[in-house]
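Q: So here's data.txt (compact mmCIF, C-alpha atoms and all ligand atoms).
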# COMPACT_ATOMS: atom_id res chain seq x y z
CA MET E 1 76.79 170.07 81.64
CA ARG E 2 74.71 170.48 84.78
CA MET E 3 71.47 171.20 83.01
CA GLY E 4 69.45 170.12 86.00
CA LEU E 5 69.19 173.33 88.00
CA GLY E 6 65.84 174.94 87.31
CA LYS E 7 64.11 171.62 86.70
CA ILE E 8 63.49 170.82 90.36
CA SER E 9 60.06 171.46 91.86
CA GLY E 10 59.66 172.03 95.59
CA LYS E 11 55.90 171.86 95.29
CA ARG E 12 56.00 168.42 93.69
CA GLN E 13 58.25 167.14 96.47
CA TYR E 14 55.93 168.61 99.07
CA GLN E 15 52.94 166.86 97.49
CA PHE E 16 54.90 163.63 97.63
CA VAL E 17 55.65 164.03 101.36
CA GLU E 18 51.96 164.82 101.96
CA LYS E 19 50.95 161.34 100.80
CA PHE E 20 52.80 159.80 103.73
CA ASN E 21 51.30 161.55 106.71
CA TYR E 22 51.18 158.36 108.78
CA ILE E 23 53.52 156.37 110.98
CA ARG E 24 55.80 153.97 109.12
CA GLU E 25 57.54 152.01 111.84
CA ALA E 26 59.89 149.34 110.45
CA GLY E 27 58.21 145.99 109.98
CA THR E 28 54.65 147.28 110.34
CA GLU E 29 51.70 147.69 107.98
CA GLY E 30 52.42 151.44 107.75
CA GLU E 31 55.89 150.83 106.36
CA LYS E 32 54.55 148.25 103.93
CA ARG E 33 51.89 150.69 102.72
CA ALA E 34 54.57 153.35 102.16
CA SER E 35 56.74 150.97 100.13
CA ASP E 36 53.77 150.16 97.87
CA GLU E 37 53.10 153.87 97.46
CA ILE E 38 56.74 154.60 96.48
CA LEU E 39 56.68 151.74 93.98
CA LYS E 40 53.46 153.05 92.45
CA TYR E 41 54.89 156.57 92.18
CA LEU E 42 58.01 155.27 90.43
CA ARG E 43 55.83 153.45 87.94
CA GLU E 44 53.89 156.63 87.30
CA ILE E 45 57.06 158.51 86.40
CA GLY E 46 58.09 155.71 84.09
CA LEU E 47 60.80 154.01 86.14
CA ILE E 48 61.08 150.28 86.61
CA ALA E 49 61.70 149.49 90.24
CA VAL E 50 62.23 146.35 92.26
CA THR E 51 61.38 145.57 95.85
CA GLU E 52 63.89 143.64 97.92
CA GLU E 53 62.46 142.15 101.07
CA PHE E 54 64.65 141.35 104.09
CA GLU E 55 64.28 140.27 107.69
CA PHE E 56 65.58 141.99 110.79
CA SER E 57 65.41 141.45 114.55
CA ALA E 58 63.36 143.68 116.76
CA TYR E 59 62.51 143.68 120.45
CA GLU E 60 59.05 143.81 121.97
CA ILE E 61 58.62 144.91 125.54
CA THR E 62 56.11 142.64 127.25
CA GLU E 63 56.32 144.24 130.69
CA ALA E 64 58.00 147.36 132.13
CA ARG E 65 57.24 148.48 135.69
CA LEU E 66 58.72 150.82 138.23
CA LYS E 67 57.43 151.11 141.75
CA VAL E 68 58.69 153.18 144.66
CA THR E 69 58.44 150.99 147.77
CA GLN E 70 59.98 153.27 150.42
CA PRO E 71 59.30 155.74 152.03
CA TYR E 72 56.03 155.84 150.05
CA GLU E 73 54.38 153.43 147.66
CA LYS E 74 53.57 154.40 144.12
CA GLU E 75 53.81 152.88 140.67
CA TYR E 76 54.97 155.14 137.81
CA ARG E 77 54.28 155.00 134.12
CA VAL E 78 57.46 153.85 132.39
CA THR E 79 58.71 152.44 129.10
CA GLY E 80 61.31 149.69 129.00
CA TYR E 81 64.74 149.85 127.39
CA LYS E 82 64.86 147.62 124.35
CA ARG E 83 67.97 145.48 123.73
CA CYS E 84 68.97 145.33 127.37
CA GLY E 85 67.63 141.96 128.42
CA ASN E 86 65.23 140.87 131.15
CA THR E 87 65.18 141.25 134.92
CA PRO E 88 64.33 138.16 136.98
CA GLU E 89 60.63 137.36 136.66
CA ASN E 90 59.79 138.98 139.99
CA GLY E 91 61.84 142.04 139.18
CA ILE E 92 64.58 143.51 141.34
CA GLU E 93 64.27 145.69 144.41
CA ALA E 94 67.13 147.90 145.59
CA PRO E 95 67.97 151.29 147.10
CA PHE E 96 67.35 154.24 144.79
CA LEU E 97 70.00 156.82 143.91
CA TYR E 98 69.91 159.86 141.64
CA ILE E 99 73.34 160.43 140.07
CA GLU E 100 72.62 163.35 137.69
CA ASN E 101 74.89 163.00 134.63
CA GLY E 102 76.86 160.09 136.05
CA ASP E 103 80.01 161.86 137.19
CA GLU E 104 82.69 159.66 138.75
CA ILE E 105 81.99 160.85 142.30
CA SER E 106 78.28 160.07 142.13
CA LEU E 107 78.98 156.78 140.37
CA SER E 108 81.15 155.66 143.28
CA TYR E 109 77.91 155.28 145.30
CA ALA E 110 76.09 153.27 142.60
CA LYS E 111 77.02 149.75 143.67
CA GLY E 112 73.98 147.57 144.39
CA LYS E 113 71.57 150.41 143.60
CA ILE E 114 68.97 151.27 141.03
CA VAL E 115 70.24 154.60 139.75
CA MET E 116 68.52 157.41 137.94
CA VAL E 117 70.40 159.58 135.42
CA ASN E 118 69.48 162.66 133.38
CA GLY E 119 68.36 162.09 129.81
CA LEU E 120 68.51 158.75 128.04
CA VAL E 121 71.24 156.17 128.50
CA LYS E 122 73.71 155.54 125.71
CA LYS E 123 76.56 153.08 125.40
CA GLU E 124 79.14 155.10 127.31
CA ILE E 125 77.10 155.81 130.41
CA TYR E 126 75.61 152.31 130.32
CA GLN E 127 79.06 150.76 130.50
CA LYS E 128 79.92 153.02 133.43
CA LEU E 129 76.77 151.96 135.27
CA VAL E 130 77.65 148.31 134.74
CA SER E 131 81.28 148.71 135.80
CA HIS E 132 80.25 150.61 138.94
CA GLY E 133 77.89 147.83 139.98
CA ALA E 134 74.47 149.46 139.50
CA VAL E 135 71.78 146.76 139.44
CA GLY E 136 69.24 148.74 137.42
CA PHE E 137 68.76 152.16 135.91
CA ILE E 138 66.08 154.78 135.38
CA THR E 139 66.23 157.55 132.79
CA MET E 140 63.99 160.48 131.97
CA SER E 141 62.54 162.12 128.86
CA GLY E 142 60.28 165.10 128.27
CA THR E 143 60.37 168.58 129.78
CA PRO E 144 58.89 170.44 132.76
CA ILE E 145 56.45 172.26 130.46
CA ASP E 146 54.86 169.12 128.97
CA GLU E 147 51.13 168.48 129.38
CA GLY E 148 48.63 165.86 128.20
CA GLU E 149 49.93 163.45 125.57
CA ASP E 150 53.46 164.73 126.02
CA LEU E 151 53.61 163.23 129.49
CA GLU E 152 54.11 159.86 127.80
CA PRO E 153 57.73 158.75 128.38
CA ALA E 154 59.81 158.19 125.21
CA ASP E 155 60.51 154.69 123.94
CA PRO E 156 64.26 154.06 124.34
CA SER E 157 66.57 151.45 122.95
CA LEU E 158 70.07 150.57 124.08
CA ARG E 159 72.58 150.50 121.22
CA GLY E 160 76.12 149.50 120.66
CA VAL E 161 76.67 147.08 123.55
CA LYS E 162 77.25 143.37 123.26
CA GLU E 163 76.50 142.44 126.85
CA SER E 164 73.59 143.89 128.75
CA PRO E 165 73.60 142.62 132.34
CA VAL E 166 71.66 145.59 133.74
CA GLN E 167 68.10 146.56 132.79
CA GLY E 168 66.44 149.92 132.81
CA VAL E 169 63.24 151.89 132.31
CA ASN E 170 62.42 155.43 131.27
CA LEU E 171 59.95 157.79 132.90
CA HIS E 172 58.72 161.31 132.27
CA TYR E 173 60.75 164.27 133.54
CA LYS E 174 57.93 165.36 135.87
CA ASP E 175 57.82 161.92 137.53
CA ALA E 176 61.61 162.01 137.88
CA VAL E 177 61.20 165.29 139.77
CA GLU E 178 58.61 163.67 142.02
CA LEU E 179 60.90 160.74 142.85
CA VAL E 180 63.65 163.08 144.01
CA GLU E 181 61.33 165.55 145.72
CA ARG E 182 59.51 162.89 147.74
CA GLY E 183 62.80 161.27 148.70
CA ALA E 184 62.31 157.83 147.11
CA SER E 185 64.81 155.55 148.82
CA ARG E 186 63.85 152.09 147.59
CA VAL E 187 62.37 151.03 144.27
CA SER E 188 61.46 147.87 142.43
CA LEU E 189 61.97 147.48 138.73
CA LYS E 190 60.79 144.86 136.27
CA LEU E 191 61.53 144.52 132.57
CA GLN E 192 60.59 141.68 130.25
CA GLN E 193 61.11 141.66 126.49
CA LYS E 194 61.35 139.24 123.62
CA GLN E 195 63.22 139.20 120.35
CA VAL E 196 61.08 138.94 117.23
CA THR E 197 61.81 138.72 113.51
CA ARG E 198 60.16 141.27 111.27
CA SER E 199 60.31 141.95 107.59
CA SER E 200 60.89 145.17 105.70
CA ARG E 201 61.78 146.14 102.15
CA ASN E 202 64.08 148.32 100.07
CA ILE E 203 62.86 149.80 96.81
CA ILE E 204 65.42 150.18 94.06
CA ALA E 205 65.29 151.93 90.69
CA ARG E 206 68.28 151.94 88.36
CA ILE E 207 69.01 154.36 85.56
CA LYS E 208 71.74 152.90 83.38
CA GLY E 209 74.70 155.03 82.47
CA LEU E 210 75.18 155.99 78.83
CA ASP E 211 78.90 155.34 78.50
CA LYS E 212 80.26 154.45 81.95
CA GLU E 213 77.54 152.00 82.81
CA GLU E 214 79.90 149.90 84.93
CA GLU E 215 80.42 152.76 87.42
CA ILE E 216 77.56 153.06 89.89
CA LEU E 217 76.56 156.04 92.04
CA THR E 218 73.79 155.53 94.59
CA LEU E 219 71.27 158.07 95.87
CA SER E 220 69.48 156.88 98.96
CA ALA E 221 67.03 157.87 101.70
CA HIS E 222 65.12 155.87 104.30
CA TYR E 223 61.34 155.97 104.23
CA ASP E 224 60.52 154.30 107.55
CA SER E 225 59.74 156.40 110.63
CA VAL E 226 59.95 155.97 114.38
CA PRO E 227 56.71 154.90 116.12
CA GLN E 228 56.24 158.33 117.77
CA GLY E 229 55.38 160.32 114.66
CA PRO E 230 54.92 160.34 110.89
CA GLY E 231 58.51 161.41 110.17
CA ALA E 232 57.94 164.06 107.51
CA TYR E 233 61.31 165.65 108.33
CA ASP E 234 62.92 162.34 109.28
CA ASN E 235 62.84 161.26 106.52
CA MET E 236 60.01 161.37 104.02
CA SER E 237 61.51 164.67 102.86
CA GLY E 238 64.74 162.88 102.04
CA ALA E 239 62.72 160.23 100.19
CA ALA E 240 61.00 163.02 98.22
CA ILE E 241 64.31 164.68 97.32
CA ILE E 242 65.77 161.55 95.77
CA MET E 243 62.42 160.89 94.03
CA GLU E 244 62.63 164.32 92.44
CA LEU E 245 66.16 163.53 91.27
CA ALA E 246 65.07 160.11 89.97
CA ARG E 247 62.41 161.87 87.91
CA TYR E 248 65.01 164.25 86.49
CA PHE E 249 67.62 161.61 85.67
CA ALA E 250 65.01 159.29 84.11
CA GLU E 251 64.55 161.99 81.49
CA ASN E 252 68.21 163.02 81.42
CA PRO E 253 70.40 159.94 81.88
CA SER E 254 74.09 160.47 82.70
CA ARG E 255 77.35 158.90 81.73
CA ARG E 256 77.36 156.76 84.88
CA THR E 257 74.73 154.41 86.28
CA LEU E 258 72.57 155.95 88.99
CA GLU E 259 70.86 153.70 91.47
CA PHE E 260 68.07 155.17 93.62
CA ILE E 261 67.34 153.33 96.84
CA TRP E 262 64.57 153.90 99.37
CA PHE E 263 65.65 152.05 102.48
CA GLY E 264 63.33 150.41 104.98
CA ALA E 265 64.10 149.84 108.67
CA GLU E 266 66.77 152.53 109.06
CA GLU E 267 65.40 153.51 112.45
CA ALA E 268 65.67 149.88 113.57
CA GLY E 269 69.49 150.13 113.18
CA LEU E 270 70.38 150.78 109.50
CA CYS E 271 68.84 147.40 108.63
CA GLY E 272 67.79 148.28 105.07
CA SER E 273 71.23 149.44 103.95
CA GLN E 274 72.87 146.42 105.60
CA ALA E 275 70.51 144.12 103.71
CA TYR E 276 71.31 146.03 100.52
CA VAL E 277 75.11 145.68 100.70
CA LYS E 278 74.66 141.99 101.47
CA ALA E 279 72.31 141.38 98.57
CA HIS E 280 74.51 143.39 96.17
CA GLU E 281 77.86 142.10 97.45
CA SER E 282 79.23 141.04 94.06
CA GLU E 283 78.44 144.41 92.52
CA LEU E 284 79.96 146.58 95.26
CA PRO E 285 83.38 146.92 93.55
CA ARG E 286 81.56 148.95 90.86
CA HIS E 287 80.14 151.41 93.41
CA ARG E 288 81.97 154.74 93.47
CA PHE E 289 79.96 156.95 95.82
CA ASN E 290 76.82 156.94 97.95
CA MET E 291 74.78 160.14 98.34
CA ASN E 292 72.31 159.70 101.17
CA VAL E 293 69.74 162.18 102.49
CA ASP E 294 68.54 161.97 106.06
CA LEU E 295 66.58 164.87 107.66
CA ALA E 296 65.31 167.55 105.29
CA GLY E 297 62.53 169.93 104.42
CA GLN E 298 62.32 172.43 107.28
CA LEU E 299 62.65 176.09 106.41
CA ILE E 300 64.63 177.18 109.45
CA GLY E 301 67.76 175.09 109.89
CA GLY E 302 71.26 174.53 108.61
CA THR E 303 72.51 172.31 105.83
CA VAL E 304 75.39 169.98 106.63
CA ILE E 305 77.04 167.42 104.40
CA GLY E 306 78.64 164.64 106.39
CA VAL E 307 81.37 163.11 104.26
CA THR E 308 82.59 159.67 105.23
CA ALA E 309 85.50 159.49 102.83
CA GLU E 310 89.02 160.87 102.33
CA ALA E 311 89.56 164.58 102.93
CA PRO E 312 89.92 165.42 99.19
CA VAL E 313 86.33 164.24 98.63
CA CYS E 314 85.14 166.69 101.24
CA GLN E 315 87.20 169.48 99.67
CA MET E 316 85.86 168.67 96.24
CA LEU E 317 82.25 168.78 97.39
CA ALA E 318 82.97 172.06 99.15
CA TYR E 319 84.42 173.41 95.90
CA MET E 320 81.26 172.43 94.03
CA MET E 321 79.12 174.28 96.54
CA HIS E 322 81.34 177.35 96.24
CA GLU E 323 80.98 177.15 92.49
CA ALA E 324 77.20 176.86 92.80
CA GLY E 325 77.08 179.53 95.52
CA MET E 326 74.87 177.41 97.76
CA GLY E 327 75.56 177.66 101.50
CA VAL E 328 76.42 174.36 103.14
CA SER E 329 78.80 173.35 105.89
CA PHE E 330 80.84 170.15 105.85
CA LYS E 331 81.89 167.52 108.32
CA ASN E 332 84.48 164.94 107.36
CA ASP E 333 83.45 162.14 109.69
CA VAL E 334 81.36 159.00 110.15
CA TRP E 335 77.65 159.80 110.24
CA GLY E 336 74.57 158.28 111.87
CA SER E 337 72.70 157.12 108.81
CA ASP E 338 72.70 154.63 105.92
CA SER E 339 75.77 156.25 104.32
CA ASN E 340 77.75 154.58 107.11
CA THR E 341 76.93 151.17 105.71
CA PHE E 342 78.48 152.02 102.34
CA ALA E 343 81.58 153.53 103.95
CA TRP E 344 81.91 150.43 106.11
CA ARG E 345 82.14 148.43 102.88
CA GLY E 346 84.84 150.76 101.54
CA ILE E 347 82.61 152.94 99.37
CA PRO E 348 83.02 156.71 99.88
CA ALA E 349 79.73 158.12 101.13
CA MET E 350 77.96 161.27 102.27
CA THR E 351 74.74 162.23 103.99
CA LEU E 352 72.99 165.50 103.22
CA ASN E 353 71.40 166.59 106.45
CA ARG E 354 69.33 169.58 107.49
CA ASP E 355 69.09 170.56 111.14
CA GLY E 356 65.57 171.11 112.35
CA PHE E 357 62.97 170.59 115.03
CA GLY E 358 61.12 167.57 116.37
CA MET E 359 63.00 164.54 115.10
CA HIS E 360 61.60 161.33 116.60
CA THR E 361 58.57 163.08 118.11
CA ARG E 362 54.90 163.38 117.26
CA TYR E 363 55.62 166.92 116.05
CA ASP E 364 57.52 165.60 113.06
CA THR E 365 54.69 166.21 110.59
CA ILE E 366 54.07 167.90 107.24
CA GLU E 367 53.17 171.13 109.11
CA LEU E 368 56.87 171.95 109.48
CA ILE E 369 57.87 171.08 105.92
CA SER E 370 58.41 173.74 103.30
CA PRO E 371 58.52 173.36 99.48
CA CYS E 372 61.27 176.01 99.39
CA SER E 373 63.54 174.06 101.67
CA LEU E 374 62.92 170.82 99.75
CA LYS E 375 63.81 172.56 96.53
CA ARG E 376 67.02 173.98 97.95
CA SER E 377 68.24 170.63 99.28
CA ALA E 378 67.29 168.88 96.05
CA ASP E 379 69.20 171.52 94.05
CA ILE E 380 72.28 170.94 96.20
CA LEU E 381 72.11 167.20 95.78
CA LEU E 382 71.44 167.46 92.06
CA TYR E 383 74.46 169.71 91.58
CA ILE E 384 76.71 167.18 93.27
CA ALA E 385 75.13 164.11 91.69
CA GLU E 386 75.17 165.48 88.17
CA SER E 387 78.74 166.76 88.42
CA LEU E 388 79.94 163.35 89.53
CA ALA E 389 77.74 161.36 87.16
CA GLU E 390 78.94 163.41 84.20
CA ALA E 391 82.65 163.77 84.98
CA LYS E 392 84.76 162.40 82.13
CA VAL E 393 87.03 160.68 84.64
CA PHE E 394 85.69 159.94 88.09
CA PRO E 395 87.45 162.45 90.36
CA PHE E 396 88.31 160.44 93.48
CA ARG E 397 89.49 157.05 94.67
CA ARG E 398 87.24 154.32 95.95
CA GLU E 399 88.82 154.45 99.42
CA VAL E 400 87.67 155.15 102.96
CA PRO E 401 90.33 156.18 105.51
CA GLU E 402 91.51 153.41 107.82
CA ASP E 403 90.49 155.16 111.06
CA MET E 404 86.93 155.67 109.80
CA LYS E 405 86.77 152.06 108.65
CA ASN E 406 87.93 150.85 112.06
CA ARG E 407 85.30 152.92 113.84
CA LEU E 408 82.63 151.65 111.47
CA GLU E 409 83.80 148.08 112.01
CA ILE E 410 83.17 148.46 115.74
CA TYR E 411 79.86 150.23 115.11
CA PHE E 412 78.52 147.42 112.91
CA GLU E 413 79.96 144.60 114.98
CA GLU E 414 77.78 145.70 117.87
ZN ZN E 501 66.42 159.42 109.76
Can the structure in the file be given as C-alpha cells, please?

A:
Amino acid sequence: MRMGLGKISGKRQYQFVEKFNYIREAGTEGEKRASDEILKYLREIGLIAVTEEFEFSAYEITEARLKVTQPYEKEYRVTGYKRCGNTPENGIEAPFLYIENGDEISLSYAKGKIVMVNGLVKKEIYQKLVSHGAVGFITMSGTPIDEGEDLEPADPSLRGVKESPVQGVNLHYKDAVELVERGASRVSLKLQQKQVTRSSRNIIARIKGLDKEEEILTLSAHYDSVPQGPGAYDNMSGAAIIMELARYFAENPSRRTLEFIWFGAEEAGLCGSQAYVKAHESELPRHRFNMNVDLAGQLIGGTVIGVTAEAPVCQMLAYMMHEAGMGVSFKNDVWGSDSNTFAWRGIPAMTLNRDGFGMHTRYDTIELISPCSLKRSADILLYIAESLAEAKVFPFRREVPEDMKNRLEIYFEE
C-alpha cells in the first residue's frame, strides 16, 4: 500500500503553474482560457474530463466617488464596495468621523455621519455601523510605504449580510492619513453598482474505483484568481497539486472512485463548488470525503489542514502525518474555501492550506513559488488520499457535527 511517495514531481507541478501566469478572474476570458488549458492537460495525461458550465451573479461598480467638501475641497481616488447597494443618484453628504477600529465609544458618535474605519469592513463591523446609524462608510487599504502602482486602493466586497442599507468606499492608507491630518469635517459619497450574470466552469475528471466504485472521494482546487494578480499561490499551485495526483492515480487506480475537480469562481463566493453539489445532488450520498487544496507552493510558510468533520477524522489525519513524519498542524473547524460546500451538504471535508505572502495582491506570481514546496504538499495530500482510497473499510462516518453544519447553513444562506 501507499506506493505513491517518490512518484511526485515538484518540477512538473511548477511547470504547470508557469503556464497560468495571467489573471483568471471568475467569469472573464482569462478564466475561460485557463479552463481550456486544464482540459487540454488532462487529455495529454490520458484522462477523460468534462466541463460543467454554470452561472453566477457578480456586481459591477459603475461609479464610486468620495469628495471632501469642508474645510477643503478635494476628490480622492476610491473603489466602491460591491454587494452593498447604491446611494441616491446624487450621492450623500454628511459630517465625517474617523472611528479607528469601531469601538463602542467611538461608534456612539456615528449617527448621521460618514465614518472611516481602519482596514476593510466585514460583516460584524458593518452591522455595527448600520445599528449605530452611520449613513456611509470609508475604509482603507495599503500601507504607509507604498509607492506607484501600490497606491491603488484594493477592490472590496461586502459579504455575509442580507440587507445593505449603508454604502461605502475604500481609499488608500496615505489618503486616509491626509483626510485626518487636514481635518476633513464634511464629505460626499456616491456609489452606483449593478448586478450582472456571468458564467464560469468546473472541470471534472473521474478515476473509477477498482472494487469500491460506489464510494467517492473528491480532490479539489479552484483555478480562478482575484482581479489583482495571477494567483500562483492562490491557487494555481493547489490546481497543480491535484493535477499531479490525478496523473498518479490515472496510472495507479485505487479501490475507491476518485473524482478530481478544478473549481471556477471560488473567489466570487465559492460559486463553483455550489454549482457542483447542485449538479451532482443525486450522487452526494456516495461521497465520503472531500480533500481540497487552497493556497500552496511557497517555500517559507506553514502547512495547516483545516478539517471540517468530526474530531476523530482530525485525529486520524494527524495520525497519518505522524506515521509519515511530515510536519503539519491541524484545525478542526469550518474553513474559508470550497471544502465548506461539501461539509454544508454533510460530507466530511478538509482543506490543505499553506501560509504565505501576497494572497489577493499583484505579488501573487510564480516568482514566489517553489517546486520543493509543491512536492511536499503533494506528498502530504497523496499520503492521505491513498490511505483513504485504499482502506479495506472506510475509516469514518459520513457525518459533519451539528454545530459546524449550523454555522455553514448561516454562511451559505447569506
Ligand atoms: Zn483561494

Q: Got a sec: who's within 10 Å of stretch 371-376 of chain E, counting only C-alpha atoms, leaving out chain neighbours fewer than 3 positions off, as a PyMOL selection string?

A: chain E and resi 6-15+17+237-238+240-241+244+296-301+303+326-327+354+379-382

Q: Using only C-alpha atoms and all ligand atoms, pick whichever of E:His280, E:Arg186, E:His222, E:Arg247 has the shortest atom-to-atom distance to ligand ZN 501 (chain E).

A: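 Nearest candidate to ligand ZN 501 (chain E) out of E:His280, E:Arg186, E:His222, E:Arg247: E:His222.
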
Q: Residues at most 9 Å from E:Pro153, counting only C-alpha atoms, excluding those fewer than 6 positions away in the same chain, as a list in words?

A: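 Result of the neighbour search: Arg77, Val78, Thr79, Met140, Ser141, Gly142, Asn170, Leu171, His172 and Tyr173 of chain E.
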
Q: Any chance you can output those residues with C-alpha atoms as an mmCIF file, in the coordinates of the input?

A:
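Dumped to selection19.cif:
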data_model
loop_
_atom_site.group_PDB
_atom_site.id
_atom_site.type_symbol
_atom_site.label_atom_id
_atom_site.label_comp_id
_atom_site.auth_asym_id
_atom_site.auth_seq_id
_atom_site.Cartn_x
_atom_site.Cartn_y
_atom_site.Cartn_z
ATOM 1 C CA ARG E 77 54.280 155.000 134.120
ATOM 2 C CA VAL E 78 57.460 153.850 132.390
ATOM 3 C CA THR E 79 58.710 152.440 129.100
ATOM 4 C CA MET E 140 63.990 160.480 131.970
ATOM 5 C CA SER E 141 62.540 162.120 128.860
ATOM 6 C CA GLY E 142 60.280 165.100 128.270
ATOM 7 C CA ASN E 170 62.420 155.430 131.270
ATOM 8 C CA LEU E 171 59.950 157.790 132.900
ATOM 9 C CA HIS E 172 58.720 161.310 132.270
ATOM 10 C CA TYR E 173 60.750 164.270 133.540
#

Q: What residues of the protein or nucleic acid chains come within 10 Å of ligand ZN 501 (chain E) when you use all atoms listed in the file? Reply as a PyMOL selection string.

A: chain E and resi 221-226+231-238+265-267+270+293-296+336-338+353+359-360

Q: Using only C-alpha atoms, which residue out of E:Ala349, E:Val187, E:Val334, E:Ala378 lies closest to E:Tyr411?

A: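 With only C-alpha atoms as the atom set, the closest residue is E:Val334.
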
Q: In Å, with one decimal, what is the gap from atom CA of E:Leu219 to atom CA of E:Pro253?

A: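 That distance, rounded to one decimal, is 14.1 Å.
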
Q: If I wrap all listed atoms of stretch 37-46 of chain E in a box with edges along x, y and z and add 6 Å on each side, what are its centre and edge lengths in Å to one decimal, as AutoDock Vina command-line options?

A:
--center_x 55.6 --center_y 155.1 --center_z 90.8 --size_x 17.0 --size_y 18.8 --size_z 25.4

Q: Give me the residues near stretch 42-48 of chain E as an NGL selection string, where near means some atom within 12 Å (using all atoms listed in the file) and where sequence neighbours in that chain fewer than 6 positions away do not count.

A: :E and (16 or 35-36 or 203-208 or 239-240 or 242-251 or 259-262)

Q: Name the closest residue to E:Asn202 among the candidates E:Glu55, E:Glu147, E:Asp103, E:Glu73; distances are taken between atoms, counting only C-alpha atoms.

A: E:Glu55

Q: Env of E:Arg345: 9 Å cut, atoms = all atoms listed in the file, seq-sep filter 2 positions within chain, self excluded. Answer as a list in words.

A: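 Selected residues are Val277, Leu284, Asn340, Thr341, Phe342, Ala343, Ile347, Pro348, Val400 and Lys405 of chain E.
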
Q: Which residue is closest to E:Leu210? Choose from E:Lys19, E:Lys392, E:His287, E:Lys174 and count all atoms listed in the file.

A: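 Distance minimum relative to E:Leu210 lands on E:Lys392.
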
Q: Kindly give the distance, in Å, that separates atom CA of E:Thr351 and atom CA of E:Gly306, rounded to a single decimal.

A: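 Interatomic distance, atom CA of E:Thr351 to atom CA of E:Gly306: 5.2 Å.
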
Q: Between E:Leu158, E:Val130, E:Leu217, E:Cys314, which one has atoms that come closest to E:Gly85, using all atoms listed in the file?

A: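 Among E:Leu158, E:Val130, E:Leu217, E:Cys314, it is E:Leu158 that comes nearest to E:Gly85.
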
Q: Write out as a PyMOL selection string which residues come within 8 Å of E:Ala94 when counting all atoms listed in the file, dropping same-chain ones fewer than 2 positions away.

A: chain E and resi 92+96+112-114+135+186-188

Q: Closest to E:Gln228 among E:Met350, E:Ile23, E:Ile138, E:Val180, using all atoms listed in the file?

A: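 For E:Gln228, the nearest of the given residues is E:Ile23.
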
Q: Between atom CA of E:Met404 and atom CA of E:Cys271, what is the distance in Å, rounded to a tenth?

A: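 So the answer is 19.9 Å.
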
Q: Using only C-alpha atoms, find each residue in stretch 229-300 of chain E having at least one atom no more than 7 Å away from stretch 383-389 of chain E; report its shortest atom-to-atom pair and that distance in Å (one decimal), rows by chain then rising number, as a Markdown table.

A:
| residue | atom | partner | partner_atom | distance |
| --- | --- | --- | --- | --- |
| E:Ser254 | CA | E:Ala389 | CA | 5.8 |
| E:Arg255 | CA | E:Ala389 | CA | 6.0 |
| E:Arg256 | CA | E:Ala389 | CA | 5.1 |
